[in-house]
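J.: Starting off with a structure, shown below.
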Amino acid sequence: MSEHWIPFNRPCVVGNELDYVAAAFARGHASGDGSFTKECQRSLEQSLGVPKVLLTTSCTHALEITALLLDIQPGDEVVVPTFTFVSTINAFVLRGARPVFADIRPDTLNLDEAHLEQWFTPRTKAVVAVHYAGVGCEMDTIQQVAARHQVAVVEDNAHGLFGRYKGHHLGTLGCLAAQSFHETKNFSCGEGGALLINDTTYIDRAETIREKGTDRSRFFRGEVDKYTWVDLGSSYVPSDILAAILCAQLEKRDVIQRARRRIWDTYEQQLASWARGSGVRLPTVPAHCEQSYHMFYLLMPAPAARDALMAHLKQRGIGSVFHYQPLHLSKMGQRFGGRPGDCPVSEVTSDRLLRLPFYNDLDEADQARVVREICSFRV
Ligand SMILES: Cc1ncc(COP(=O)(O)O)c(C=O)c1O
């Protein structure tokens with residue numbers, strides 16, 4: 001009998017998720033901003049030390065709220081790493097911004113802060129720091145350069161919940177930050193996100209934008225006697241049923257992070273010698289960064305080797321996946337002037353990177369099989 005399929009990712013129940021969903025129905029509150037939403041927000045505010053957290057329907061939507069809060073106008077420029085998910089920039093392009101694609105560092109695959117200034121012009125309004133794989137960007141330099149040019153720093157922390165940079169939680173360093181609770185993330189409710197508001201001057205307007213441009217939150221607090229349309233906005237509030245699932249996952253923070261740390265450390269230790277002998281690079285985590293244990297990737301010596309390893313694993317019942325295609329080379333990126341060779345590190349990285357199975361209940365036997373099959377591959 002052939003062995004079972006080991007997927008790249010799968011959602012799993014770690015604690016009280018199903019009971020809390022039942023409780024959301026029993027409490028008679030399935031729409032947004034019920035007690036589970038409030039509990040998730042309180043828990044994140046407390047554990048991260050963020051003044052205000054608002055759950056959203058996705059990280060994409062948290063970024064869209066950010067673009068509205070920063071009052072991005074047509075012609076403004078926003079600097080992003082080209083090696084990122086489309087939402088990091090699409091949220092700003094929706095407001096009329098021109099994307100400016102920056103290259104990444106070859107070690108952490110984060111925005112190359114040493115060359116950041118070259119991407120700035122007098123029209124630059126924001127820079128988005130993406131903490132790839134939950135390893136912090138060099139925020140000290142990014143913040144210094146941005147402050148010199150009076151440019152807002154936003155963190156796309158989709159991967160990095162509970163990671164730290166020089167002791168500070170990722171998501172607490174920019175004026176605003178976006179989290180993802182999509183199925184592939186450490187903590188998930190299927191689809192979901194959060195806006196972390198570090199600059200408190202944005203709180204009131206963020207509440208309004210998230211509530212379809214109305215002052216509904218103020219109405220519920222008794223601050224106005226009816227609610228009405230007061231600003232731009234959209235429907236960014238997730239159902240309390242999803243918040244119930246997330247709440248159960250956040251309660252298991254230690255269990256989830258311990259499991260993921262074991263998986264990450266096992267890959268690193270057991271693949272080290274094969275990688276050394278095969279010209280394969282494993283992830284780099286600088287000493288001053290505590291990573292979030294979000295993903296484990298291999299950087300293969302050549303694109304053909306990456307594709308061959310992916311096929312080798314697939315034949316043996318193991319799912320592995322590549323990651324971002326550089327945005328400057330996408331159809332939309334080229335419309336904004338992106339050309340091959342603009343961001344060489346991102347271009348070679350994208351063609352050689354392979355992500356390995358990584359989910360909260362990946363057990364030791366399955367992971368041992370993944371490791372065995374990788375080590376049987378001759379580069
Ligand atoms: C860096 C980054 N930002 C944003 C997103 C979008 O997250 P969501 O699916 O929650 O909108 C992703 C998706 O994985 C991502 O990798």
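Each chain in the structure tokens gets a letter, A, B, ..., in the order shown, and its residues are numbered from 1; ligands are numbered from 1 in order too.
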All residues within 6 Å of ligand 1 are required, counting only C-alpha atoms and all ligand atoms; please report them as a PyMOL selection string.

T.: chain A and resi 58-60+84-85+87-88+130+156+158+180-182+192-193

J.: Can you tell me which residues surround Arg218 (chain A) at a distance of at most 10 Å, considering only C-alpha atoms, apart from same-chain residues fewer than 3 positions away, and format the answer as a list of chain:residue names?

T.: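 My list of contacting residues is A:Asp204, A:Glu207, A:Thr208, A:Thr214, A:Asp215, A:Arg221, A:Gly222, A:Glu223, A:Val224, A:Asp225, A:Lys226, A:Tyr227.
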
J.: Would you mind exporting the chosen residues as a short mmCIF file (atom, residue, chain, number, x, y, z; two decimals), in the first residue's frame, restricted to C-alpha atoms?

T.:
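Dumped everything to result-v1.cif:
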```cif
data_model
loop_
_atom_site.label_atom_id
_atom_site.label_comp_id
_atom_site.auth_asym_id
_atom_site.auth_seq_id
_atom_site.Cartn_x
_atom_site.Cartn_y
_atom_site.Cartn_z
CA ASP A 204 -11.03 56.60 15.81
CA GLU A 207 -12.93 52.06 13.70
CA THR A 208 -14.99 54.08 11.24
CA THR A 214 -19.94 54.79 9.78
CA ASP A 215 -19.60 55.85 13.42
CA ARG A 221 -20.31 53.01 23.17
CA GLY A 222 -23.14 55.51 23.67
CA GLU A 223 -21.07 58.42 22.37
CA VAL A 224 -23.60 59.35 19.64
CA ASP A 225 -27.35 58.74 19.62
CA LYS A 226 -27.48 57.28 16.09
CA TYR A 227 -24.90 56.12 13.63
#
```

J.: Residues of region 217-333 of chain A in helix (DSSP H, G or I) according to DSSP, as a VMD selection string?

T.: chain A and resid 217 to 220 240 to 251 253 to 278 303 to 315 327 to 329 331 to 333

J.: DSSP on the backbone: which residues in region 97-251 of chain A end up as strand (DSSP E)? Give the answer as JSON, numbers by chain.

T.: {"A": [98, 99, 100, 101, 102, 124, 125, 126, 127, 128, 129, 130, 152, 153, 154, 155, 156, 164, 165, 168, 169, 176, 177, 178, 179, 180, 193, 194, 195, 196, 197]}

J.: What is the CA of Gly338 (chain A)-CA of Ala91 (chain A) distance in Å, reported with one decimal?

T.: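 Going from CA of Gly338 (chain A) over to CA of Ala91 (chain A) covers 18.3 Å.
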
J.: Which one of A:Gly213, A:Gly190, A:Gly317, A:Pro286 sits closest to Val13 (chain A) if you count only C-alpha atoms?

T.: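 Of A:Gly213, A:Gly190, A:Gly317, A:Pro286, the one nearest Val13 (chain A), counting only C-alpha atoms, is A:Gly190.
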
J.: Using only C-alpha atoms, can you tell me which of A:Tyr202, A:Phe92, A:Phe83, A:Phe377 comes closest to Glu347 (chain A)?

T.: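 Answer, going by the shortest atom-to-atom distance: A:Phe83.
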
J.: If you measure from CA of Met332 (chain A) to CA of Gln73 (chain A), what distance in Å do you get, rounded to one decimal?

T.: 18.8 Å

J.: Using only C-alpha atoms, which of A:Arg148, A:Gln143, A:Phe120, A:Glu191 sits nearest His61 (chain A)?

T.: A:Glu191
